[in-house]
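Trainee: Handing you a structure now.
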Amino acid sequence: MSSLDADTDERIDAEVVPSMTYREAMREALRDALATDDRVFIMGEDVADYGGTYAVTKGLYEEFGRDRVRNTPLSESGFVGAGIGAALGGLRPIVEIMTVNFSLLALDQVVNTAATLLHMSGGQLNVPLVIRTTTGAGRQLAAQHSHSLEGWFAHVPGLKVVAPATPEDARWMLPTALADPNPVIIFEHATLYNESGPVDPVLGPVDIDRAAVRRHGSDLTIVASAGMVSKALAAADLLSAAGMSAEVIDLRSLRPLDFDTMAASLARTSRALVVDEGWRTGGLSAEISAGLTERCFWSLDAPIARLASAEVPIPYAKHLETAAIPQIEDIVAAAHDLVGDR
Amino acid sequence: MSSLDADTDERIDAEVVPSMTYREAMREALRDALATDDRVFIMGEDVADYGGTYAVTKGLYEEFGRDRVRNTPLSESGFVGAGIGAALGGLRPIVEIMTVNFSLLALDQVVNTAATLLHMSGGQLNVPLVIRTTTGAGRQLAAQHSHSLEGWFAHVPGLKVVAPATPEDARWMLPTALADPNPVIIFEHATLYNESGPVDPVLGPVDIDRAAVRRHGSDLTIVASAGMVSKALAAADLLSAAGMSAEVIDLRSLRPLDFDTMAASLARTSRALVVDEGWRTGGLSAEISAGLTERCFWSLDAPIARLASAEVPIPYAKHLETAAIPQIEDIVAAAHDLVGDR
Amino acid sequence: MTISSSPLATDHDLWRSLLGDMIRVRVFEERCAELYGESKIRGFLHLYIGEEAIASGVMSCLRPDDAVLATYREHGHALLRGVSAESIMSEMFGKATGCSGGRGGSMHLFDAATRFFGGNAIVGGHLPVAVGLGLADQVLGRSGAVTVCFFGEGAVAEGEFHEAMNLAALWNVPVLFCCENNRYAMGTSLRSSESQIDLALKAASYAIPAWSVDGMDIVEVHRATTKALASVRADGGPMFIEFQTYRFRAHSMFDPDLYRDPAEVEHWKLRDPIATFARRLVDEQIVTDADIEEMWERARAETEAAVAAAEAAPIEPIDTLLDHVTRDAEPAPHIERSPETTTDDEVWP
Amino acid sequence: MTISSSPLATDHDLWRSLLGDMIRVRVFEERCAELYGESKIRGFLHLYIGEEAIASGVMSCLRPDDAVLATYREHGHALLRGVSAESIMSEMFGKATGCSGGRGGSMHLFDAATRFFGGNAIVGGHLPVAVGLGLADQVLGRSGAVTVCFFGEGAVAEGEFHEAMNLAALWNVPVLFCCENNRYAMGTSLRSSESQIDLALKAASYAIPAWSVDGMDIVEVHRATTKALASVRADGGPMFIEFQTYRFRAHSMFDPDLYRDPAEVEHWKLRDPIATFARRLVDEQIVTDADIEEMWERARAETEAAVAAAEAAPIEPIDTLLDHVTRDAEPAPHIERSPETTTDDEVWP
Ligand SMILES: Cc1ncc(C[n+]2csc(CCOP(=O)(O)OP(=O)(O)O)c2C)c(N)n1
Ligand SMILES: Cc1ncc(C[n+]2csc(CCOP(=O)(O)OP(=O)(O)O)c2C)c(N)n1
Ligand SMILES: [Mg+2]
Ligand SMILES: [Mg+2]
């Protein structure tokens, strides 16, 4: 499948609520931002005429030109730092780091400068920078191209971290991120780009600090984000068929975490399962488990359960990769374990 | 205080159990490693004639020469990568990254190569690399020089992470780390270097995957590591005076985490407080809380409590820095909250 | 041109074998492309087609105690370093018999036996590692051993390139840096990613001897590498060669390849390192057309045998998932540490 | 030498004021060293003593719309950019009135009003940021505005230096890179950290015009900067100046300074930029000894006033600890999103 092929299924169905792919939604968001705010520009590796590795920025270079859609050389630390500077200089950069795997080369800039500058300067210098990057495994890209490191970023004060799981969030989180005076990192899950869903064309910017209940249920709460949300929903369908009613929460924001929404759900269900594509130990799932337990301990019917990726660099072979990442059946099984528990 | 001054209080008291500083213990470990294994060498910024920023490697260059104690330019990614290569080539490098703050520049090498190579190569190529780095705040070095990012490293499969909290561990963890066929990161807390303690001169290599109970107690378990251990012990003394008996666990190993020792303690105390110098959200304290709750939920008398650093880049001003990091009184207060709870 | 004045006048066996090497890589990779179409190979697949003269020429100059590092575009390098077609193909099939046990895939071929250190999919990531391997050779006195590090011209913009060059020169380690300048890093041309496109000049700014070579001409590749290696083996210090080349295929199977003028691609295809060299060897009567046909045949047989073996090979059992994350250490002696600091006398009532 | 042939023949006010600037920095920092001894200032403290000609010379050429970035050795840069001695001193005292509210300390002085962007304690970390500031000037059409980025020669080994140089040249952004080559990065001499120590050559490998200047001679510094800035303001593209200098003190207050031959330090002290320039101005009758004494007096008065103010200033209340971690966003409109995907009809009994 070439990135061109990936594009062919993007024809918007002419339904009442228009449907579009996650990729097209993200592109629409970028186009809108470029069109409405002169300060906005995109930069990253092959974002221009190439159209981005995941074809997200396709066509934008032709529409807005090379100053607004700027190719960078392979120098992640350099161009993330340049994004910080451009933000300080009055622009509204959207920096694309091709994948989170390569963001490791830019972490100094993200953590030591973007996240700290406002504080170090006593509130004088904010960094209105948006970083977009893809995350996740599932395409047999092996150890160096399959990391889910959102949890690392979510650990850092001074950053905001969001993970749109639906085309609508892909479309409408960006304007809010751009309006935010702080650095915002957007994690796009690489397996979602071809997924379609309803996108309200006039909704307008949405909050980027609240979780959403994607499905109501009463027996347990499943907390998920990004690529795990659709798996959780599919699992909830299967559970429903088996007579178990699962509520599914899409975190949307990874920093800050919306514990209010999670705790409110838990108050109804008394049981929660956290599903996370990151590694288990010290991952985001740990924070959610710990934070929820602190808030809801006395009303829990069972310890919060975690389902995360196996503690292994993601393997290439399909069957091993599949085994390493939480799958729908794993979620179903974990839910049964949890609700059967006591 | 210059690093020279820091050295002056290093005279070993001629007691029955010799006492030495953490710095001297670490240096002794390095000297021993260099003397007994020709493959071992040290490299890092100013480790040679300068003797290391924290004077840990002082005198080793004079004793072992420039091939064994090798200065590097400022190029963290470069020399960590070179350490990986040297390990693959049959040497046993000990790479000093001056502080964990600068390790952000080398994370690609650590995560994408050191931690994954054995797995990506199907078990063929192990990386027997030791990285030493300092961590922690408390010396008014402000946001870019005060990170406690051990939790990030502890998240990564393929790495082993240790944090000696005592001179004896500083002395005897290194030989075990060097004998380990995997990459091992040693976090030395910068405020510990001048602390003295007993060091058995002939103990020999110690395990680097088990926690140690540093103080027995029956009312609650305090879990701490690195710079927080001595604070936890001091808090336990104060609590004892107030009639509360605290068990203090020194994690020693941050990856793997020794949940057996923690759970065994919790079985006795039913309450645990995790003290961590890292930021709270998504920090190591979250994993310990989540992991312990999973194991001990039904015997807990209260949710696991966490005391971690405030969610702020560490400020320069003394009073603000002090307020940002867990202090002895904070531990005492948290213990009272926990035990008074229900 | 008379045969005696030709650089190919002697060493006929060498030239024949080099042609055969290039053909082996070409056949192997064209089959990979098909297998990708059939979904037998998955993930990313980067083909070396058009660039074969470099790996073939360089690899033929190496000794068993040399070390090799390459990028994700490394099937050819692995094959010519001596990793079997079968174990490479099996790797891409995700099989247990693959050279990385199916865990690495196309981008992560490894083989300890031939000192083939991969297969790195982080652009620039393996350059510092090469410096370390060279350092080990130097320190351990493995005299004459060289570490050869292949990378694309795109890597030159990365900070790790710069740090590695400086360390290599500063420490005078025996590393041969082989820059495969195929003019594009994905869709980005060198001109749009480097302010100074004379790459040899970059190396010079680290005081590393450097030269630029026609990477489409295997004779030039072989000659330059021979000369460079002689220098590295003797002096111990690093060298840098820029091989000017071109990839005939898209960057990867995901790349629609819209950024290059088809005429440019066609132009370069006229310089196909295999076709031109084959013609030359025939012209100079070093090989016959039949010899060449036999080379293709043999290569096809090798590749088909590899495919058949890969097809038939078992996969790793799922219960090995957690293998090879860490290697077991010698069990650490369990020694009683100094007694706990304090024990509480009083017990909370 | 007759006065008319001297480069100082005109612009007497300028030379006087430059001497005064250097003296201000010197006095301020010598006091800082004392205050460190008294534990009034804590953390790391890096003194610029000996290098004052660079910041003084460069800063005097700047316009208000220029931007400045520096390292952790930046008291002088901040002071001469127009940040008040009082707010710098208060910052180092950790007071609320400090230019960073007491949160930054010596290494993190910031002042938005004078476009002083710090104060970065990660070696090399601010170079890419400078490129971005230059890019913003270019894109927003702030014609003639320049971003001036100071860094030590130690930073040249970092990958970020390389990436920043390439980006700056590639994008032709108005950035003046000022390398303060004081020959040591902590205890590491340039020769032991760079395989090629001609730093201008490095810049040239990115096609950035570069030259090397005597950083102990403020006239040279001023002249070179004037020329460089004229070029950057007119053409928009980056330039690189290496200022050859020396620090008279240890790297920081923690550094025992054992790695330098005391004779070397003494040798450089003979070239003290203040003493030599003062002598020259007196010789050329541009200032009198009394003028100079007055400059020292004024500087001492300024510094003492700063110390007194810093002493008297309040600290930030502890309940502001979490301020400035993020800045409040305009509250995001709370819009009802598309209805939840599904709702379960059945409820588990
Ligand atoms: C650090 C990093 N950034 C980005 C990528 C994505 N990527 C993979 S290959 C490639 C182009 C590399 O080009 P070049 O170095 O010239 O090698 P070539 O593919 O032409 O052989 C890019 C951008 C990556 N793998 N690693
Ligand atoms: C990335 C990074 N590595 C290491 C350090 C520790 N360090 C602080 S200053 C310094 C020396 C820098 O020397 P140079 O760039 O020449 O500047 P100078 O101090 O001489 O002005 C070092 C190694 C750091 N701050 N950042
Ligand atoms: Mg290329
Ligand atoms: Mg210096």
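Each chain of the structure tokens is named A, B, ... in the order shown, its residues numbered from 1; ligands are numbered from 1 in display order.
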Please write out the residues within 9 Å of ligand 2 as number ranges by chain, counting only C-alpha atoms and all ligand atoms.
Mentor: A: 108; B: 45-46, 53, 73-76, 97-99, 101-105, 144-145; D: 46-48, 71-73, 120-125, 151-158, 179-190, 246-247, 251-252
Trainee: Using all C-alpha atoms paired in order, least-squares fit chain D onto chain C and give me the moved copy as a short mmCIF file (atom, residue, chain, number, x, y, z; two decimals) with C-alpha atoms, in the first residue's frame.
Mentor:
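Output saved as result-v8.cif:
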```
data_model
loop_
_atom_site.label_atom_id
_atom_site.label_comp_id
_atom_site.auth_asym_id
_atom_site.auth_seq_id
_atom_site.Cartn_x
_atom_site.Cartn_y
_atom_site.Cartn_z
CA MET D 1 40.81 1.00 -25.77
CA THR D 2 43.05 -2.05 -25.83
CA ILE D 3 42.70 -4.64 -23.16
CA SER D 4 46.15 -4.03 -21.78
CA SER D 5 45.38 -0.40 -21.04
CA SER D 6 42.16 -1.26 -19.27
CA PRO D 7 42.03 -1.30 -15.49
CA LEU D 8 40.38 -4.65 -15.87
CA ALA D 9 43.40 -6.22 -17.53
CA THR D 10 44.21 -8.34 -14.53
CA ASP D 11 42.11 -9.87 -11.78
CA HIS D 12 39.50 -11.27 -14.11
CA ASP D 13 38.18 -13.52 -11.40
CA LEU D 14 37.59 -10.55 -9.19
CA TRP D 15 35.61 -8.63 -11.82
CA ARG D 16 33.57 -11.68 -12.64
CA SER D 17 32.76 -12.25 -9.04
CA LEU D 18 31.84 -8.59 -8.51
CA LEU D 19 29.42 -8.74 -11.39
CA GLY D 20 27.98 -11.88 -9.89
CA ASP D 21 27.62 -10.16 -6.52
CA MET D 22 25.68 -7.27 -7.96
CA ILE D 23 23.43 -9.65 -9.81
CA ARG D 24 22.77 -11.66 -6.66
CA VAL D 25 21.62 -8.54 -4.84
CA ARG D 26 19.49 -7.36 -7.75
CA VAL D 27 17.72 -10.65 -8.17
CA PHE D 28 17.19 -11.06 -4.48
CA GLU D 29 15.65 -7.61 -4.12
CA GLU D 30 13.47 -7.76 -7.19
CA ARG D 31 12.01 -10.89 -5.68
CA CYS D 32 11.54 -9.07 -2.37
CA ALA D 33 9.47 -6.45 -4.15
CA GLU D 34 7.24 -9.17 -5.56
CA LEU D 35 6.94 -10.83 -2.20
CA TYR D 36 5.93 -7.54 -0.69
CA GLY D 37 3.17 -7.34 -3.25
CA GLU D 38 2.11 -10.80 -2.14
CA SER D 39 2.15 -9.70 1.51
CA LYS D 40 4.80 -12.27 2.36
CA ILE D 41 7.10 -9.50 3.45
CA ARG D 42 5.61 -6.71 5.54
CA GLY D 43 6.61 -3.60 7.45
CA PHE D 44 8.94 -1.25 5.65
CA LEU D 45 10.96 -2.51 2.72
CA HIS D 46 13.70 -0.34 1.24
CA LEU D 47 15.30 -1.52 -1.95
CA TYR D 48 18.90 -0.95 -2.94
CA ILE D 49 18.26 -1.46 -6.63
CA GLY D 50 20.60 0.78 -8.62
CA GLU D 51 23.11 1.15 -5.80
CA GLU D 52 24.51 -2.39 -5.83
CA ALA D 53 27.98 -1.39 -6.99
CA ILE D 54 28.71 0.19 -3.63
CA ALA D 55 28.02 -2.72 -1.29
CA SER D 56 29.49 -5.15 -3.83
CA GLY D 57 32.66 -3.18 -4.33
CA VAL D 58 33.24 -2.36 -0.69
CA MET D 59 32.35 -5.74 0.73
CA SER D 60 34.75 -7.50 -1.60
CA CYS D 61 37.63 -5.64 0.07
CA LEU D 62 36.82 -6.69 3.61
CA ARG D 63 38.36 -9.25 5.92
CA PRO D 64 36.47 -11.50 8.31
CA ASP D 65 37.64 -9.49 11.32
CA ASP D 66 36.24 -6.26 9.93
CA ALA D 67 32.88 -5.05 11.18
CA VAL D 68 30.02 -3.73 9.06
CA LEU D 69 27.13 -1.45 9.96
CA ALA D 70 24.40 -0.31 7.63
CA THR D 71 20.98 1.30 7.47
CA TYR D 72 17.50 -0.08 6.89
CA ARG D 73 18.43 -0.39 3.19
CA GLU D 74 20.79 -3.23 3.93
CA HIS D 75 19.73 -6.49 2.25
CA GLY D 76 22.61 -6.22 -0.19
CA HIS D 77 25.13 -5.44 2.50
CA ALA D 78 24.06 -8.39 4.58
CA LEU D 79 24.02 -10.79 1.65
CA LEU D 80 27.46 -9.78 0.45
CA ARG D 81 28.88 -9.80 3.92
CA GLY D 82 28.03 -13.48 3.97
CA VAL D 83 24.67 -13.69 5.62
CA SER D 84 22.80 -16.37 3.71
CA ALA D 85 19.98 -15.45 1.37
CA GLU D 86 17.89 -17.98 3.19
CA SER D 87 18.30 -16.42 6.59
CA ILE D 88 17.70 -12.93 5.22
CA MET D 89 14.59 -13.99 3.39
CA SER D 90 13.37 -15.93 6.37
CA GLU D 91 13.87 -12.86 8.49
CA MET D 92 11.67 -10.84 6.18
CA PHE D 93 9.09 -13.61 6.34
CA GLY D 94 9.20 -13.20 10.13
CA LYS D 95 10.42 -16.75 10.63
CA ALA D 96 12.36 -18.29 13.48
CA THR D 97 15.17 -19.19 11.09
CA GLY D 98 15.67 -15.56 10.09
CA CYS D 99 18.98 -13.97 10.87
CA SER D 100 17.29 -12.03 13.66
CA GLY D 101 14.85 -14.74 14.62
CA GLY D 102 12.02 -12.90 12.87
CA ARG D 103 12.16 -10.09 15.40
CA GLY D 104 13.98 -7.59 13.22
CA GLY D 105 12.55 -7.79 9.73
CA SER D 106 13.94 -6.06 6.67
CA MET D 107 15.35 -3.11 8.59
CA HIS D 108 17.12 -5.11 11.26
CA LEU D 109 19.28 -7.81 9.78
CA PHE D 110 22.05 -8.92 12.12
CA ASP D 111 24.70 -11.57 12.07
CA ALA D 112 27.23 -11.84 14.82
CA ALA D 113 29.25 -14.52 12.99
CA THR D 114 30.12 -12.23 10.10
CA ARG D 115 30.34 -9.15 12.34
CA PHE D 116 27.35 -7.67 10.58
CA PHE D 117 26.00 -5.22 13.15
CA GLY D 118 22.78 -4.33 11.33
CA GLY D 119 20.40 -2.86 10.25
CA ASN D 120 19.72 0.49 12.05
CA ALA D 121 16.47 2.28 11.22
CA ILE D 122 17.28 5.52 13.00
CA VAL D 123 18.96 7.72 10.45
CA GLY D 124 22.47 8.44 11.74
CA GLY D 125 22.04 6.27 14.82
CA HIS D 126 24.72 3.75 13.93
CA LEU D 127 27.50 6.23 13.21
CA PRO D 128 28.52 6.69 16.85
CA VAL D 129 28.26 2.93 17.33
CA ALA D 130 30.74 2.45 14.50
CA VAL D 131 33.16 4.77 16.28
CA GLY D 132 32.91 2.59 19.37
CA LEU D 133 33.56 -0.59 17.43
CA GLY D 134 36.61 1.08 15.94
CA LEU D 135 37.72 2.14 19.38
CA ALA D 136 37.47 -1.43 20.62
CA ASP D 137 39.66 -2.62 17.74
CA GLN D 138 42.17 0.08 18.51
CA VAL D 139 42.28 -0.51 22.26
CA LEU D 140 42.28 -4.29 22.01
CA GLY D 141 45.06 -4.15 19.47
CA ARG D 142 43.15 -5.90 16.70
CA SER D 143 45.55 -4.43 14.28
CA GLY D 144 44.30 -3.77 10.77
CA ALA D 145 40.68 -4.51 11.54
CA VAL D 146 38.34 -1.87 10.19
CA THR D 147 34.77 -0.95 10.92
CA VAL D 148 32.87 -0.02 7.79
CA CYS D 149 29.81 2.14 8.27
CA PHE D 150 27.32 2.72 5.45
CA PHE D 151 24.80 5.55 5.60
CA GLY D 152 22.78 7.75 3.29
CA GLU D 153 23.52 11.38 2.53
CA GLY D 154 20.40 12.29 4.49
CA ALA D 155 22.19 11.31 7.69
CA VAL D 156 24.72 14.08 7.18
CA ALA D 157 22.26 16.66 8.51
CA GLU D 158 21.82 14.81 11.80
CA GLY D 159 23.81 15.89 14.82
CA GLU D 160 24.98 12.32 15.31
CA PHE D 161 26.90 12.46 12.05
CA HIS D 162 28.80 15.45 13.31
CA GLU D 163 29.50 14.00 16.74
CA ALA D 164 30.63 10.71 15.25
CA MET D 165 32.96 12.34 12.73
CA ASN D 166 34.59 14.42 15.41
CA LEU D 167 35.03 11.50 17.80
CA ALA D 168 36.41 9.25 15.09
CA ALA D 169 38.97 11.82 14.05
CA LEU D 170 39.84 12.86 17.55
CA TRP D 171 40.45 9.28 18.63
CA ASN D 172 41.93 8.24 15.31
CA VAL D 173 39.85 5.09 15.14
CA PRO D 174 39.88 2.69 12.18
CA VAL D 175 36.50 3.43 10.68
CA LEU D 176 35.66 3.77 7.02
CA PHE D 177 32.60 5.96 6.58
CA CYS D 178 30.80 5.09 3.36
CA CYS D 179 28.24 7.70 2.46
CA GLU D 180 25.81 6.36 -0.10
CA ASN D 181 24.74 9.62 -1.71
CA ASN D 182 21.72 8.67 -3.74
CA ARG D 183 20.68 12.31 -3.82
CA TYR D 184 17.43 11.88 -1.93
CA ALA D 185 16.41 11.29 1.64
CA MET D 186 12.89 10.08 1.09
CA GLY D 187 11.54 12.97 -0.98
CA THR D 188 14.14 15.51 0.08
CA SER D 189 16.96 16.26 -2.28
CA LEU D 190 20.43 16.88 -0.92
CA ARG D 191 20.29 20.44 -2.18
CA SER D 192 17.25 21.15 -0.08
CA SER D 193 18.69 19.58 3.05
CA GLU D 194 22.30 20.79 3.11
CA SER D 195 23.55 24.32 2.83
CA GLN D 196 26.84 22.95 1.56
CA ILE D 197 26.41 19.92 -0.67
CA ASP D 198 30.05 19.03 -1.13
CA LEU D 199 30.06 16.23 1.42
CA ALA D 200 33.78 15.64 1.29
CA LEU D 201 34.16 19.20 2.55
CA LYS D 202 32.19 18.23 5.63
CA ALA D 203 34.57 15.43 6.45
CA ALA D 204 37.47 17.76 5.87
CA SER D 205 36.12 20.08 8.54
CA TYR D 206 36.84 17.24 10.97
CA ALA D 207 40.26 16.72 9.43
CA ILE D 208 39.11 13.38 8.03
CA PRO D 209 40.56 12.51 4.64
CA ALA D 210 37.70 12.28 2.21
CA TRP D 211 36.96 11.78 -1.39
CA SER D 212 34.08 11.44 -3.74
CA VAL D 213 33.70 8.45 -6.01
CA ASP D 214 31.43 7.37 -8.84
CA GLY D 215 29.28 4.83 -7.06
CA MET D 216 27.76 3.54 -10.30
CA ASP D 217 31.11 2.22 -11.44
CA ILE D 218 32.14 -0.81 -9.45
CA VAL D 219 35.71 -0.58 -10.65
CA GLU D 220 35.95 2.89 -9.16
CA VAL D 221 34.26 1.74 -5.99
CA HIS D 222 36.63 -1.16 -5.64
CA ARG D 223 39.69 0.91 -6.33
CA ALA D 224 38.77 3.72 -3.96
CA THR D 225 37.85 1.31 -1.20
CA THR D 226 41.04 -0.66 -1.61
CA LYS D 227 43.04 2.50 -1.30
CA ALA D 228 41.06 3.84 1.63
CA LEU D 229 41.18 0.58 3.52
CA ALA D 230 44.91 0.30 3.04
CA SER D 231 45.28 3.68 4.63
CA VAL D 232 42.87 2.95 7.49
CA ARG D 233 44.46 -0.44 8.20
CA ALA D 234 47.93 1.05 8.24
CA ASP D 235 47.36 4.36 10.00
CA GLY D 236 44.42 3.44 12.11
CA GLY D 237 42.57 6.68 11.46
CA PRO D 238 39.16 7.19 9.86
CA MET D 239 38.38 7.93 6.24
CA PHE D 240 35.30 9.09 4.45
CA ILE D 241 34.14 8.20 0.96
CA GLU D 242 31.14 9.70 -0.70
CA PHE D 243 29.73 7.30 -3.30
CA GLN D 244 27.61 9.10 -5.86
CA THR D 245 24.71 6.88 -6.70
CA TYR D 246 20.99 6.73 -7.32
CA ARG D 247 18.15 4.51 -6.27
CA PHE D 248 16.04 3.29 -9.15
CA ARG D 249 13.06 2.48 -7.00
CA ALA D 250 11.00 4.52 -4.59
CA HIS D 251 12.31 5.13 -1.07
CA SER D 252 10.19 2.31 0.30
CA MET D 253 7.14 0.38 -0.72
CA PHE D 254 5.04 3.16 0.81
CA ASP D 255 6.54 5.90 -1.31
CA PRO D 256 4.62 7.01 -4.41
CA ASP D 257 7.88 8.54 -5.72
CA LEU D 258 6.35 11.72 -7.09
CA TYR D 259 9.20 14.05 -6.22
CA ARG D 260 11.63 12.92 -8.90
CA ASP D 261 11.42 13.79 -12.54
CA PRO D 262 10.91 10.49 -14.38
CA ALA D 263 13.48 11.73 -16.90
CA GLU D 264 16.01 11.99 -14.11
CA VAL D 265 15.32 8.42 -13.08
CA GLU D 266 15.62 7.24 -16.67
CA HIS D 267 18.84 9.14 -17.09
CA TRP D 268 20.37 7.38 -14.12
CA LYS D 269 19.06 4.02 -15.22
CA LEU D 270 21.23 4.36 -18.29
CA ARG D 271 24.08 4.08 -15.83
CA ASP D 272 22.76 0.89 -14.25
CA PRO D 273 25.86 -0.49 -12.51
CA ILE D 274 25.08 -4.04 -13.54
CA ALA D 275 24.22 -3.44 -17.18
CA THR D 276 27.15 -1.13 -17.79
CA PHE D 277 29.65 -3.37 -16.07
CA ALA D 278 28.33 -6.47 -17.79
CA ARG D 279 28.69 -4.74 -21.15
CA ARG D 280 32.18 -3.69 -20.30
CA LEU D 281 33.25 -7.16 -19.21
CA VAL D 282 31.83 -8.61 -22.38
CA ASP D 283 33.49 -5.93 -24.48
CA GLU D 284 36.78 -6.69 -22.83
CA GLN D 285 36.13 -10.39 -23.28
CA ILE D 286 36.40 -11.12 -19.61
CA VAL D 287 33.01 -12.78 -19.59
CA THR D 288 30.69 -14.06 -22.24
CA ASP D 289 26.99 -13.44 -22.52
CA ALA D 290 26.52 -17.03 -21.49
CA ASP D 291 28.56 -16.49 -18.35
CA ILE D 292 26.34 -13.59 -17.47
CA GLU D 293 23.19 -15.54 -18.16
CA GLU D 294 24.51 -18.19 -15.84
CA MET D 295 25.12 -15.61 -13.14
CA TRP D 296 21.50 -14.53 -13.33
CA GLU D 297 20.42 -18.14 -13.29
CA ARG D 298 22.49 -18.92 -10.22
CA ALA D 299 21.20 -15.83 -8.46
CA ARG D 300 17.63 -16.80 -9.27
CA ALA D 301 18.24 -20.27 -7.98
CA GLU D 302 19.74 -18.91 -4.79
CA THR D 303 16.83 -16.54 -4.26
CA GLU D 304 14.19 -19.16 -5.05
CA ALA D 305 15.80 -21.60 -2.67
CA ALA D 306 15.76 -18.87 -0.05
CA VAL D 307 12.09 -18.18 -0.68
CA ALA D 308 11.20 -21.85 -0.48
CA ALA D 309 13.13 -22.25 2.73
CA ALA D 310 11.56 -19.13 4.19
CA GLU D 311 8.10 -20.37 3.24
CA ALA D 312 8.73 -23.71 4.87
CA ALA D 313 10.39 -22.36 7.97
CA PRO D 314 8.66 -22.34 11.34
CA ILE D 315 7.73 -19.22 13.24
CA GLU D 316 8.91 -18.50 16.74
CA PRO D 317 6.48 -19.91 19.31
CA ILE D 318 4.48 -17.13 20.90
CA ASP D 319 5.69 -18.14 24.31
CA THR D 320 9.15 -16.89 23.35
CA LEU D 321 7.76 -13.37 23.12
CA LEU D 322 9.74 -12.14 26.08
CA ASP D 323 12.98 -13.79 25.08
CA HIS D 324 16.01 -11.64 24.29
CA VAL D 325 14.81 -8.59 26.15
CA THR D 326 17.67 -9.02 28.53
CA ARG D 327 20.22 -11.76 28.54
CA ASP D 328 20.45 -13.72 31.75
CA ALA D 329 23.22 -12.53 33.97
CA GLU D 330 25.35 -14.86 35.96
CA PRO D 331 23.23 -15.00 39.08
CA ALA D 332 24.51 -12.31 41.40
CA PRO D 333 25.87 -13.72 44.63
CA HIS D 334 23.37 -13.01 47.33
CA ILE D 335 25.40 -11.38 50.00
CA GLU D 336 23.98 -10.15 53.23
CA ARG D 337 24.41 -6.45 53.18
CA SER D 338 25.31 -4.39 56.20
CA PRO D 339 22.54 -4.68 58.75
CA GLU D 340 19.56 -2.41 58.35
CA THR D 341 20.25 1.02 59.65
CA THR D 342 17.82 0.96 62.53
CA THR D 343 15.05 -1.11 63.97
CA ASP D 344 12.17 0.36 65.82
CA ASP D 345 11.85 -0.72 69.40
CA GLU D 346 8.43 0.60 69.95
CA VAL D 347 5.46 -0.77 68.15
CA TRP D 348 2.43 1.36 67.57
CA PRO D 349 -0.31 -0.03 69.76
#
```
Trainee: Taking into account only C-alpha atoms and all ligand atoms, which residue in the set A:Ser285, A:Gly123, A:Gly78, A:Lys58 is nearest to ligand 1?
Mentor: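 Nearest to ligand 1: A:Gly78.
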Trainee: List every residue of region 9-256 of chain A that DSSP, applied to the backbone of this structure, assigns to strand (DSSP E), and report them as a ChimeraX atom specification.
Mentor: /A:19-21,40-44,69-71,92-99,130-135,160-162,184-189,196-198,212-216,220-224,246-250,253-255
Trainee: If we count only C-alpha atoms, which residues of chain A reach to within 8 Å of chain B? Please list them as a ChimeraX atom specification.
Mentor: /A:101-102,104-108,112,116,119-120,142-144,151-152,154-158,279-284,286-287,289-291,293-294,297,302-305,311-313,315
Trainee: Among region 116-238 of chain A, which ones does DSSP assign to alpha helix (DSSP H) (computed from the backbone)? Answer as a ChimeraX atom specification.
Mentor: /A:117-120,150-154,167-179,227-238
Trainee: Tell me, in Å to one decimal, how far CA of Thr269 (chain B) is from CA of Leu239 (chain B).
Mentor: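 CA of Leu239 (chain B) lies 14.7 Å from CA of Thr269 (chain B).
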Trainee: Tell me as an NGL selection string which residues belonging to chain A come within 7 Å of chain D, counting only C-alpha atoms.
Mentor: :A and (75 or 77-79 or 81-86 or 88-91 or 109 or 118-125 or 157-158 or 176 or 180-182 or 205-207 or 213-219 or 243-245)
Trainee: Could you tell me how far CA of Glu63 (chain B) sits from CA of Ala226 (chain B), in Å to one decimal place?
Mentor: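 Taking CA of Ala226 (chain B) as the start and CA of Glu63 (chain B) as the end point, the length is 29.5 Å.
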